[in-house]
2 protein chains.
Amino acid sequence: MKDFFYPSSVVVIGVSTVPSNLGKEIARNLLEFQFNGIVHLVGLDGGVIFGRKIHRRLEEIEDPIDLAIILTPAKTVPSILEDCGKKGIRRVIIESGGFGEFSDAGRDLQAQLRKIATQYGIRFIGPNCIGLINASNGLATPFPTLRNVFRKGGVGIVAQSGGVALSFLNMFDSEQLGYSKFASIGNKLDVDESDLVEYLMEDPETKVICLYVESIKDGRRFTELGRKSPKPIVVHKANIGALSRVIAQSHTEALANDDQVVDAALHQVGIARLRDMQSYLDFVKILQLPPMTGRNLAIVSRSGGHAVIAADAAHTYGFNLPAPSPDLLQEIRKHMRADVIKLTNPLDLGDLFDFDVYAKIIRRILQEDAYDGVLLVHTYFAAIEGASSRRLLRSAAAMAQEYGKPVALCVATEPYEVSSLHKELEFPIFLSPERAVRALDAALRHDQRRRFVARQHEYASPDPPPHRAAIREYLGACLAQRRSPLLHEALEIIAHAGFATPAMAVLKDVNELQEVCKIIEGPYAVKAIAPHISHKSDQGAVVLDLENPASLESACRAMFDRFAARDSRDAFRILVQKMAPRQVDSYELIVGGKRDPQFGPMALLGHGGLFVEIFAKGVLRMAPVTLADVDEMIDELPGSEILSGVRGRPAVDRPALRDAIVRVADLMTHFPEIQSIDINPLIVSPAGAIAVDARIFLHTGGQ
Amino acid sequence: MKDFFYPSSVVVIGVSTVPSNLGKEIARNLLEFQFNGIVHLVGLDGGVIFGRKIHRRLEEIEDPIDLAIILTPAKTVPSILEDCGKKGIRRVIIESGGFGEFSDAGRDLQAQLRKIATQYGIRFIGPNCIGLINASNGLATPFPTLRNVFRKGGVGIVAQSGGVALSFLNMFDSEQLGYSKFASIGNKLDVDESDLVEYLMEDPETKVICLYVESIKDGRRFTELGRKSPKPIVVHKANIGALSRVIAQSHTEALANDDQVVDAALHQVGIARLRDMQSYLDFVKILQLPPMTGRNLAIVSRSGGHAVIAADAAHTYGFNLPAPSPDLLQEIRKHMRADVIKLTNPLDLGDLFDFDVYAKIIRRILQEDAYDGVLLVHTYFAAIEGASSRRLLRSAAAMAQEYGKPVALCVATEPYEVSSLHKELEFPIFLSPERAVRALDAALRHDQRRRFVARQHEYASPDPPPHRAAIREYLGACLAQRRSPLLHEALEIIAHAGFATPAMAVLKDVNELQEVCKIIEGPYAVKAIAPHISHKSDQGAVVLDLENPASLESACRAMFDRFAARDSRDAFRILVQKMAPRQVDSYELIVGGKRDPQFGPMALLGHGGLFVEIFAKGVLRMAPVTLADVDEMIDELPGSEILSGVRGRPAVDRPALRDAIVRVADLMTHFPEIQSIDINPLIVSPAGAIAVDARIFLHTGGQ
């Protein structure tokens, strides 16, 4: 990727002197940003622009070229790419739109691009993008006309959408955040977000990696990079809902990932995901401060009202506000003009007009071990207190670095002063206490998350191990028949995987019941086995609580009468199970797995039974999982309190539940042919967990 | 209140020529804002300032004075107030701090102020405040030095904290919102937020009433005003948590209300409560647009990425994005330069550079009944497209008024352009699609809420009516003994109130059991009756599921053995109840009431049993309630889905549940001596609801 950002020579293809031509704007931006390499121009009509000749054909240029930027109609791009290949150009940015995001014909063009690129060993960015800006050498390939006004700094920007990428530039610039590298990757047919993250992780000028993506092409690679990254990775993954899909597919051909999968996977590896631009920006801002390592916050304010608002936010986001020590109080009191304000935390300094004293107080607070960080809410009138306020803000920012603790600076002042602070300060400020506190909390949680992820070394293995050979045999037999396992097969597979399952037998005929009853004691459950009966309980194909052989027999007869005729071609059978004992203290859970197209095998824990109606959400993790992952899954399950024992009920058997999750993750990891597994319910009691029903879908489709 | 805002003459008391004197800053602000009345100055040391004499004593002034503004040390204020009274001044603003918010001595001073004010018929604002600004006559009493730069408009500002009030002014000004009246009310010892709301409801210059409060002094009056107000009332009620209380009590002596009560009460009458300044501001901004009357939104954007973000927000906040009709599409297509963007909703106009065409498209969309509003996300480069963009924004704002539908304007552009838009435009703009969509949703919900509130005419009455005389007799007997009802008395009271309760008897002696068993059939529950046993089940004082008279007798003997000796002075007794039948389809709920010091009688619905551990929150309403309120309470209960029947279970008896809530609200309304009621559990089944246990606390304390 470095070759993309540091070319010695570039060619812009698609330049003309026509006013509406966008190719020439790329050349203009290269000049405006003072690109330090050679720039060649190519355009069918030739001519001269910016004092340079526009070559009619790429071949006319004799110098070697490191990077080509193409902005010509979509249908012309494949042959131009081929010309680039022939000329020995190995890095290309294709900015043209009208490809896969637009039509089937565009999709065909994309296939051609891919083929040509492979043939010539070309890596390319796009199509349907505005390419790159490199703050350190002036490479600037976007076609919208830009001015080189953006602050330089440590923020690496990667965005699918060019519009959002430019908004990021503006947004960061307006909040005292400078950029290092900028990439808009559009349809990301070749180079994708993972390539750029990998590069920015090593780019010495980039301190924080900021992404806007509408899909994540290779979720596994992306999360593996995130796990290893020494730099914070901050993601706005848009395109979350059905409504969004309409435009995202057309815009950058994003294949919408299941949003919960994305959430779980990014969380699992410590990549920060922010869901709106505001909290995104605030998070990147707070990352500029030293990290807060605990939840003890001191709030300093001139305005009691702002102190209350800040304390509300501290309360909402779970910060402590330790009271000042007597020593600290005494020092503060020395500085107070009149004794009409109570000294507490939040510290309301309303009566104190000498801002240098504020700085002294903040220094003293930072020296106290009792505080992990400070929020300064500074309300002032710029007309009168502007200069002294800036001195205070600058010294507070410096002290934060000196003491290695965050001092979040929140100002409330006249609008014109706010604008000029944004332009002039070299550190971030916040305009509301809530946003500052929310950002402090997000950064603290991110930091804790990174530490947690760093501690995850060993994936959990089922103990005793599953009978993989037996499972493979079952799956092989099903695949040979191009079908998924039937109910009893699924139960046998998970039994081989090490799940406890009820004693069971498969009946072809009621006459076999006598034998069955010798082996299995009641009460019984009977379930019809047939591929097309998917919601068994809805169709009367499940009968539970059969207390004795007689009731078992009559239920089986009824079931054969009802289904066998219909299902003769499927050789209809009945599963007889010993009913799992119904205990007051047991809960029905769902343990399962799914294979995500981007993020691969996932393990899932959810509520079953009544609670599934209330808690619609499950908890997901990429498989394989660590034991700590599994514990988190259990604790993150909404309403998980009930599993720990409430109102005098005993806790469920957590080791057994853990074991079940580990086993399902193991199945998903070791058997790529499994598309999904549902163990529903897994009945978890204070002593053990038993899988009563199971479904497994293989890649062949069908049950 | 109008006399406060429109005085013909004012006196500022506490003025001196000393540089640090704050009283003279009040005078300076009156000059700066060009107050159109006479200004007198009073200060102990006399002198001349701003070309005016500082009188040493109030009596020196011979002219009549409508309003006095006092900023002198707290201990001097009572006698000054008395001087004002003698001089015939009937409106006073006391800005001095150091009163009840600071110390007990300050609280004594407050009592003096109240007494003097009553004696002379004085209404006063404060103490501990910065008073008023009236945009229409230049009355400006704050002591911080201000510049008269704030936009005038329809926003009435009321804030406890002077600092927050001034922040509101800045914040509104920076977002194209002008103010009409401004009030900082501090400790609100006399004039409170309700007084100001009542005035601003009638003030012709005020279109929306914006409050920041740390407590609500008279919640009932406030909500009654809110219910009647033809203008939107927007509240930031801070001081929500334990952490906040520390500062709020010291700052403006706010008595923290229970936050859930505040939430429920404001919601009930259609007062908008916003919890942070950002959403507050966005909400007030969106109120400047015509109201959106449905959830069908059209999104128009130049940037596909911003369109995706906007669509995500629409998805999150529950908006529909209807596809454009074929007619509309055809007209849009006519304007597109190249056919490389799919036309959907969100409408990505990336390829279209003529902004006048955008305006035409927006007009066409507004003409379509299929859309209730438009979100325009306009990304542009001010250097090149500034003038045409402003033309577009202005024409979109005008069209919104013309068609009576909101066009929310969201821009992404250079920071300097954003600042100048904020200064120059006369309508609000948003800087992120999420914030615009969130505000649209909040306004829509507020509008629906107001309609709902307007439909609430008749409070629900229990039918058949409760036996109020019998209840009054019970309560009177308890109050005579300065105690709350015992368990069996509480059950008898609610039985008289019309609740179904199990058959019961009170035993003084085991020998009475034979008689009891003739009347009550098993199974039985027995409960110890003693005032000090508060958590009965924790102390073994409850035994359930006694199947027959023999087990009942032995349980009662054991209970007498255990408790009677200890409790001889209380004449220990046992309550024998017929056990309510335990049904699979029934749920344990809590129905109750509490009397809030600010908001008065409240009715509550919550989960009992297992679910109370999961759903910690109940649902509250001020009593009395309408039937629609009651239905909302049931539907707003977290997890209320289970009451409507899930997984094949029948729904519970909703009329019976409704009736229970109406009855508890009725009790709270008609018996002010009741401090709180807990009916826990109320067992609700598909056929009826039965109150199994009840507690009633009266104002005397004790059980």
# chains A, B, ... in the order shown; residues from 1 in each chain; ligands from 1

$ select_by_dssp --residues "range 493-624 of chain B" --states "strand (DSSP E)" --output "JSON, numbers by chain"
{"B": [504, 505, 506, 507, 524, 525, 526, 527, 528, 529, 542, 543, 544, 545, 546, 573, 574, 575, 576, 577, 578, 587, 588, 589, 590, 591, 592, 593, 594, 595, 596, 600, 601, 602, 603, 604, 605, 606, 607, 619, 620, 621, 622]}

$ select_by_dssp --residues "range 467-548 of chain A" --states "alpha helix (DSSP H)" --output "PyMOL selection string"
chain A and resi 468-480+487-496+513-519

$ residues_around --residues "range 24-26 of chain A" --least-positions-apart "4" --cutoff "12 Å" --atoms "only C-alpha atoms" --output "MDAnalysis selection string"
chainID A and resid 10:20 30:33 35 39:43 46:50 52:54 68:72 93 95 130:133 139:147

$ residues_around --residues "Asp678 in chain B" --least-positions-apart "6" --cutoff "12 Å" --atoms "only C-alpha atoms" --output "JSON, numbers by chain"
{"B": [487, 490, 491, 494, 589, 590, 591, 592, 593, 594, 602, 603, 604, 605, 606, 608, 660, 661, 664, 665, 667, 668, 691, 692, 693, 694, 695, 696, 697]}

$ residues_around --residues "Ile209 in chain B" --least-positions-apart "5" --cutoff "8 Å" --atoms "only C-alpha atoms" --output "number ranges by chain"
B: 155-158, 197, 200-201, 231-234

$ residues_around --residues "Val262 in chain B" --least-positions-apart "5" --cutoff "9 Å" --atoms "only C-alpha atoms" --output "ChimeraX atom specification"
/B:216,219,237,257,267,599

$ atom_distance --atom1 "CA of Gly37 in chain B" --atom2 "CA of Cys210 in chain B"
26.7 Å

$ closest_residue --among "B:Met292, B:Leu343, B:Leu328, B:Ala497" --to "Ala400 in chain B" --atoms "only C-alpha atoms"
B:Met292

$ residues_around --residues "Ala159 in chain B" --least-positions-apart "6" --cutoff "6 Å" --atoms "only C-alpha atoms" --output "number ranges by chain"
B: 165, 184, 211-213
